[in-house]
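Novice: Following this line is data.txt, made up of compact mmCIF, C-alpha atoms and all ligand atoms:
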# COMPACT_ATOMS: atom_id res chain seq x y z
CA MET A 3 15.46 -44.54 69.31
CA SER A 4 12.59 -43.03 67.34
CA VAL A 5 9.08 -43.63 68.62
CA ILE A 6 6.06 -43.41 66.33
CA ALA A 7 2.59 -43.46 67.95
CA VAL A 8 -0.18 -44.62 65.60
CA VAL A 9 -3.45 -42.95 66.60
CA SER A 10 -6.97 -42.09 65.48
CA MET A 11 -10.16 -40.71 66.95
CA LYS A 12 -12.33 -43.23 65.10
CA GLY A 13 -12.09 -47.00 65.47
CA GLY A 14 -11.52 -49.38 62.60
CA VAL A 15 -9.56 -47.00 60.36
CA GLY A 16 -6.55 -49.34 60.12
CA LYS A 17 -4.20 -48.37 62.99
CA THR A 18 -3.20 -51.94 63.83
CA SER A 19 -2.82 -52.89 60.16
CA VAL A 20 -0.69 -49.79 59.55
CA THR A 21 1.45 -50.39 62.68
CA ALA A 22 2.23 -54.01 61.76
CA ASN A 23 2.71 -53.50 58.02
CA LEU A 24 4.76 -50.34 58.41
CA ALA A 25 6.93 -52.07 61.05
CA ALA A 26 7.55 -54.98 58.66
CA ALA A 27 8.39 -52.61 55.78
CA MET A 28 10.77 -50.64 58.03
CA ALA A 29 12.42 -53.87 59.24
CA ALA A 30 12.90 -54.95 55.61
CA ARG A 31 14.91 -51.74 55.11
CA LEU A 32 16.74 -51.52 58.44
CA GLY A 33 17.39 -55.21 59.17
CA GLU A 34 16.12 -57.75 61.68
CA GLY A 35 15.75 -56.56 65.28
CA GLN A 36 15.94 -52.85 64.42
CA VAL A 37 12.19 -52.28 64.60
CA ALA A 38 9.88 -52.98 67.54
CA ALA A 39 6.08 -52.95 67.52
CA LEU A 40 4.41 -52.27 70.88
CA ASP A 41 0.74 -53.14 71.43
CA LEU A 42 -0.86 -50.68 73.85
CA ASP A 43 -4.41 -51.71 72.95
CA PRO A 44 -6.33 -54.15 75.19
CA GLN A 45 -7.75 -55.73 72.00
CA ASN A 46 -4.33 -57.47 71.91
CA ALA A 47 -4.40 -58.00 68.14
CA LEU A 48 -1.07 -56.65 66.89
CA HIS A 49 0.85 -59.93 67.34
CA LEU A 50 -1.62 -61.69 65.00
CA HIS A 51 -0.50 -59.42 62.15
CA LEU A 52 3.11 -60.35 62.90
CA GLY A 53 2.78 -64.11 62.71
CA PHE A 54 2.05 -65.13 66.27
CA GLU A 55 -0.99 -67.36 66.17
CA ALA A 56 -1.65 -68.32 69.78
CA LEU A 57 -3.72 -66.05 71.96
CA GLN A 58 -0.86 -64.12 73.47
CA ARG A 59 -1.18 -64.42 77.25
CA GLU A 60 1.96 -62.72 78.44
CA GLY A 61 2.53 -59.12 77.53
CA VAL A 62 3.29 -55.63 78.70
CA CYS A 63 0.12 -55.32 80.77
CA ARG A 64 0.91 -58.13 83.21
CA GLN A 65 4.67 -57.47 83.09
CA SER A 66 3.97 -53.93 84.25
CA LEU A 67 1.73 -55.08 87.10
CA GLN A 68 4.43 -57.51 88.22
CA HIS A 69 7.17 -54.89 87.79
CA ARG A 70 9.05 -57.11 85.34
CA TYR A 71 11.02 -56.08 82.27
CA TRP A 72 9.01 -55.75 79.06
CA ARG A 73 11.91 -57.21 77.06
CA ASP A 74 11.21 -60.62 78.65
CA VAL A 75 7.87 -60.86 76.79
CA ALA A 76 9.16 -59.59 73.42
CA PHE A 77 9.14 -62.11 70.60
CA THR A 78 10.92 -61.78 67.29
CA SER A 79 8.45 -62.32 64.53
CA PRO A 80 9.47 -64.23 61.38
CA PHE A 81 9.24 -60.85 59.63
CA GLY A 82 12.14 -59.19 61.42
CA VAL A 83 10.04 -57.13 63.83
CA SER A 84 10.36 -57.46 67.58
CA CYS A 85 6.81 -57.51 68.98
CA LEU A 86 5.70 -56.54 72.48
CA PRO A 87 2.10 -57.81 72.87
CA TYR A 88 -0.42 -56.28 75.25
CA GLY A 89 -1.18 -59.78 76.52
CA SER A 90 -4.38 -61.63 77.27
CA VAL A 91 -5.54 -60.39 80.66
CA SER A 92 -8.57 -60.22 82.95
CA GLU A 93 -10.69 -57.09 83.29
CA GLY A 94 -9.17 -56.58 86.74
CA GLU A 95 -5.65 -56.62 85.33
CA ARG A 96 -6.62 -54.23 82.53
CA GLY A 97 -8.12 -51.80 85.05
CA ALA A 98 -5.09 -52.03 87.35
CA PHE A 99 -2.74 -51.37 84.41
CA GLU A 100 -4.80 -48.36 83.34
CA ASN A 101 -4.66 -47.00 86.90
CA LEU A 102 -0.90 -47.47 86.87
CA LEU A 103 -0.60 -45.63 83.53
CA ALA A 104 -2.81 -42.81 84.84
CA SER A 105 -0.63 -42.37 87.94
CA GLU A 106 2.73 -42.68 86.11
CA PRO A 107 2.51 -40.56 82.94
CA ASP A 108 6.01 -41.55 81.77
CA TRP A 109 5.62 -45.29 82.44
CA VAL A 110 5.90 -46.38 78.79
CA GLN A 111 8.82 -44.07 78.15
CA ARG A 112 10.68 -45.57 81.12
CA GLN A 113 9.96 -49.16 80.07
CA LEU A 114 11.19 -48.44 76.54
CA ALA A 115 14.35 -46.90 77.98
CA HIS A 116 15.03 -50.26 79.68
CA ALA A 117 14.18 -52.35 76.63
CA GLY A 118 17.77 -52.40 75.35
CA LEU A 119 16.96 -50.50 72.14
CA GLY A 120 19.72 -48.52 70.42
CA ASP A 121 19.63 -44.98 69.03
CA ASP A 122 18.92 -46.28 65.55
CA HIS A 123 15.95 -48.44 66.60
CA VAL A 124 12.41 -47.53 65.64
CA VAL A 125 9.43 -48.31 67.90
CA LEU A 126 5.88 -48.20 66.55
CA ILE A 127 3.05 -48.09 69.09
CA ASP A 128 -0.45 -49.33 68.27
CA LEU A 129 -3.08 -47.49 70.32
CA PRO A 130 -6.84 -47.84 70.86
CA PRO A 131 -9.16 -45.28 69.20
CA GLY A 132 -10.06 -42.06 70.98
CA PRO A 133 -8.82 -40.54 74.24
CA SER A 134 -7.38 -42.96 76.80
CA VAL A 135 -4.53 -43.38 79.27
CA TYR A 136 -2.78 -45.31 76.49
CA LEU A 137 -3.00 -42.33 74.14
CA ASP A 138 -1.58 -40.05 76.87
CA GLN A 139 1.37 -42.40 77.27
CA GLY A 140 1.86 -42.49 73.50
CA PHE A 141 1.90 -38.68 73.32
CA ALA A 142 4.35 -38.55 76.25
CA CYS A 143 6.99 -40.71 74.57
CA ALA A 144 6.49 -40.27 70.80
CA ASP A 145 8.78 -38.38 68.48
CA LEU A 146 6.14 -38.59 65.77
CA VAL A 147 2.36 -38.99 65.99
CA LEU A 148 0.97 -40.76 62.93
CA VAL A 149 -2.77 -40.06 62.64
CA VAL A 150 -4.61 -42.57 60.47
CA LEU A 151 -7.67 -41.31 58.55
CA LEU A 152 -10.06 -42.75 56.02
CA ALA A 153 -11.00 -40.51 53.11
CA ASP A 154 -14.59 -40.26 54.34
CA ALA A 155 -16.77 -37.66 56.01
CA GLY A 156 -16.59 -39.47 59.35
CA SER A 157 -12.81 -39.19 59.53
CA TYR A 158 -12.87 -35.59 58.28
CA SER A 159 -15.18 -34.61 61.13
CA THR A 160 -12.65 -35.89 63.70
CA ILE A 161 -9.84 -33.58 62.59
CA ILE A 162 -10.83 -30.69 64.89
CA ALA A 163 -10.69 -32.96 67.94
CA MET A 164 -7.46 -34.58 66.75
CA GLU A 165 -5.82 -31.21 66.25
CA SER A 166 -6.87 -30.12 69.71
CA TRP A 167 -5.26 -33.25 71.29
CA ILE A 168 -2.12 -32.70 69.26
CA ASN A 169 -1.93 -29.01 70.20
CA GLU A 170 -2.31 -29.88 73.87
CA ALA A 171 0.42 -32.53 73.63
CA THR A 172 2.70 -30.13 71.74
CA LEU A 173 2.36 -27.57 74.54
CA GLN A 174 3.88 -30.17 76.90
CA ARG A 175 6.44 -31.36 74.33
CA PRO A 176 7.24 -28.67 71.76
CA GLY A 177 9.40 -31.03 69.62
CA LEU A 178 6.52 -33.45 69.02
CA GLU A 179 5.74 -33.84 65.32
CA SER A 180 2.49 -35.08 63.81
CA VAL A 181 1.47 -36.21 60.34
CA TYR A 182 -1.72 -37.63 58.82
CA LEU A 183 -1.92 -40.81 56.75
CA LEU A 184 -4.84 -41.65 54.47
CA ASN A 185 -5.69 -45.35 54.56
CA GLN A 186 -7.96 -47.35 52.25
CA VAL A 187 -7.60 -44.80 49.46
CA ASP A 188 -9.70 -45.69 46.41
CA GLU A 189 -9.17 -43.29 43.53
CA ALA A 190 -12.02 -44.89 41.58
CA VAL A 191 -14.52 -43.58 44.18
CA PRO A 192 -15.30 -39.87 43.61
CA LEU A 193 -15.95 -39.17 47.33
CA SER A 194 -12.60 -40.70 48.29
CA ARG A 195 -10.84 -38.57 45.62
CA ASP A 196 -12.64 -35.37 46.62
CA LEU A 197 -12.05 -35.83 50.34
CA GLY A 198 -8.38 -36.50 49.64
CA ALA A 199 -8.18 -33.09 47.95
CA VAL A 200 -10.11 -31.37 50.78
CA LEU A 201 -7.80 -32.94 53.36
CA ARG A 202 -4.74 -31.80 51.43
CA ARG A 203 -6.04 -28.21 51.48
CA ARG A 204 -6.81 -28.45 55.18
CA LEU A 205 -3.65 -30.20 56.38
CA GLY A 206 -1.10 -29.09 53.78
CA ALA A 207 2.28 -30.82 54.11
CA ARG A 208 1.12 -32.61 57.28
CA LEU A 209 -0.92 -34.95 55.07
CA LEU A 210 1.68 -37.49 53.94
CA PRO A 211 2.18 -37.59 50.17
CA ILE A 212 1.88 -41.39 50.30
CA GLY A 213 -1.47 -42.96 51.20
CA ILE A 214 -2.28 -46.65 51.57
CA HIS A 215 -4.70 -47.91 48.91
CA ARG A 216 -7.67 -50.08 49.74
CA ASP A 217 -6.34 -53.51 48.90
CA GLU A 218 -7.96 -56.83 49.78
CA ALA A 219 -4.47 -58.28 50.22
CA VAL A 220 -4.24 -56.37 53.55
CA SER A 221 -7.14 -58.35 55.06
CA GLU A 222 -6.07 -61.58 53.35
CA ALA A 223 -2.55 -61.23 54.77
CA LEU A 224 -4.00 -61.00 58.29
CA ALA A 225 -5.96 -64.21 57.69
CA PHE A 226 -2.56 -65.85 56.99
CA LEU A 227 -0.95 -64.09 60.03
CA GLN A 228 1.47 -62.22 57.80
CA PRO A 229 2.31 -58.62 56.94
CA VAL A 230 1.10 -57.84 53.43
CA LEU A 231 4.68 -57.33 52.23
CA PHE A 232 5.34 -61.04 52.81
CA TYR A 233 1.90 -62.26 51.75
CA ASP A 234 1.98 -60.49 48.39
CA PRO A 235 5.14 -58.40 47.84
CA ARG A 236 3.90 -57.14 44.47
CA CYS A 237 0.48 -55.83 45.47
CA GLN A 238 -0.42 -52.14 45.64
CA ALA A 239 -0.49 -52.00 49.47
CA SER A 240 2.99 -53.59 49.72
CA ASP A 241 4.34 -50.90 47.40
CA ASP A 242 2.57 -48.20 49.47
CA PHE A 243 3.97 -49.49 52.78
CA GLN A 244 7.49 -49.71 51.36
CA ARG A 245 7.33 -46.14 50.09
CA LEU A 246 5.81 -44.95 53.37
CA ALA A 247 8.57 -46.70 55.36
CA ALA A 248 11.25 -44.99 53.25
CA CYS A 249 9.57 -41.60 53.62
CA LEU A 250 9.17 -41.84 57.42
CA LEU A 251 12.64 -43.29 58.03
CA GLU A 252 14.09 -40.36 56.16
CA SER A 253 12.12 -37.84 58.22
CA THR A 254 12.69 -39.53 61.65
CA ALA A 255 16.40 -40.31 61.14
CA PRO A 256 18.30 -39.28 64.32
N1 LIG B 301 -5.51 -50.54 53.23
C1 LIG B 301 -6.46 -51.44 53.53
N2 LIG B 301 -7.11 -52.10 52.54
C2 LIG B 301 -8.09 -53.00 52.84
N3 LIG B 301 -8.46 -53.33 54.07
C3 LIG B 301 -7.85 -52.71 55.10
C4 LIG B 301 -6.82 -51.74 54.89
N4 LIG B 301 -6.41 -51.28 56.10
C5 LIG B 301 -7.15 -51.94 57.03
N5 LIG B 301 -8.01 -52.78 56.44
C6 LIG B 301 -9.00 -53.65 57.12
O1 LIG B 301 -9.82 -52.82 57.93
C7 LIG B 301 -10.20 -53.50 59.13
C8 LIG B 301 -9.83 -52.66 60.34
O2 LIG B 301 -8.41 -52.56 60.41
P1 LIG B 301 -7.64 -52.45 61.80
O3 LIG B 301 -8.06 -53.51 62.75
O4 LIG B 301 -6.20 -52.34 61.47
O5 LIG B 301 -8.20 -51.04 62.32
P2 LIG B 301 -7.95 -50.32 63.74
O6 LIG B 301 -7.96 -48.86 63.49
O7 LIG B 301 -6.73 -50.89 64.37
O8 LIG B 301 -9.23 -50.76 64.55
P3 LIG B 301 -9.50 -50.48 66.12
O9 LIG B 301 -9.87 -49.04 66.24
O10 LIG B 301 -10.62 -51.42 66.46
O11 LIG B 301 -8.20 -50.79 66.84
C9 LIG B 301 -9.49 -54.85 59.08
O12 LIG B 301 -10.39 -55.82 58.59
C10 LIG B 301 -8.36 -54.64 58.08
O13 LIG B 301 -7.97 -55.84 57.42
MG MG B 302 -6.49 -51.67 66.29
Kindly present the structure from the file in structure tokens form.

Specialist:
Amino acid sequence: MSVIAVVSMKGGVGKTSVTANLAAAMAARLGEGQVAALDLDPQNALHLHLGFEALQREGVCRQSLQHRYWRDVAFTSPFGVSCLPYGSVSEGERGAFENLLASEPDWVQRQLAHAGLGDDHVVLIDLPPGPSVYLDQGFACADLVLVVLLADAGSYSTIIAMESWINEATLQRPGLESVYLLNQVDEAVPLSRDLGAVLRRRLGARLLPIGIHRDEAVSEALAFLQPVLFYDPRCQASDDFQRLAACLLESTAP
């Protein structure tokens, strides 16, 4: 099993969109049921990107509090991805789950170990922005940390803090790898182009050679509760996600 944690310091950079669309593109390559998407963000939005319309009530938060298996709340999306929602919960439940995660640093890792996933499965984890108990759990079980950035000054200014988190996590787990992904790339905008070049100088090979272009089809696909690859297979973002899936599957192959 390969685990990819999708993280960022800033909110709204596209973590949930990347998690869902990358999971769908990986499932299109690997086959149905080979890719799982885990929502560890109380916003509970990931399942919407994967075709599940109803406000998802049951999920990993409540399952954890009731000491039940996560696999019992997994649903297979029409797009070949197995989705584990966070679930729609009260503030009290959210707080209790966060206390549990704080006291059991390998909780997520242990639940994934009991999820019946094989060695060749890939799990993508969607996380909230910034430091949190969810991020700590993601760092504790990930093989690869995928940091999502926008090509703007705001994202650039977060790199020092991001690198410090990653260095701290790597001290605990020396095999942990991390890469940066540029989202909403727009080559027609000079600032976006220039910051892309600055980031490449700063991060070198850790900035993935494939970025995701700004493409309205990404937001439109969400409005239709679909990954962009199914909403518009020929658009720029679909091509980007397919190439990104191929690139990451090659580098995370067991
Ligand atoms: N490549 C893209 N092109 C166009 N729009 C995009 C792209 N990626 C994301 N978006 C849009 O940006 C907005 C924020 O995306 P998303 O919710 O995935 O970000 P997030 O990082 O998960 O946010 P949060 O920090 O709140 O969890 C959404 O409206 C989404 O449709
Ligand atoms: Mg999100």

Novice: Which residues are near ligand MG 302 (chain B) - at most 12 Å, using only C-alpha atoms and all ligand atoms? Format: as a PyMOL selection string.

Specialist: chain A and resi 8-22+40-51+88+127-132+150

Novice: Kindly indicate which residue among A:Val220, A:Leu183, A:Ala144, A:Ala248 lies nearest to ligand LIG 301 (chain B), using all atoms listed in the file for the distances.

Specialist: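 Smallest distance to ligand LIG 301 (chain B) is found for A:Val220.
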
Novice: Tell me which protein, DNA and RNA residues are within 6 Å of range 152-158 of chain A, counting all atoms listed in the file, leaving out same-chain ones fewer than 5 positions away, and put them as a list in words.

Specialist: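 My list of contacting residues is Leu184, Asn185, Ser194, Leu197 and Gly198 of chain A.
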
Novice: Find the residues near Val125 in chain A: any atom within 6 Å, counting all atoms listed in the file, skip ones fewer than 2 places away on the same chain, and give them as an NGL selection string.

Specialist: :A and (5 or 37-39)

Novice: CA of Ala207 in chain A to CA of Ile6 in chain A: how many Å, to one decimal?

Specialist: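 Separating CA of Ala207 in chain A from CA of Ile6 in chain A is a distance of 17.9 Å.
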
Novice: Go ahead and compute the interatomic distance for CA of Asp74 in chain A and CA of Ala56 in chain A, in Å to one decimal.

Specialist: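 Those two atoms sit 17.4 Å apart.
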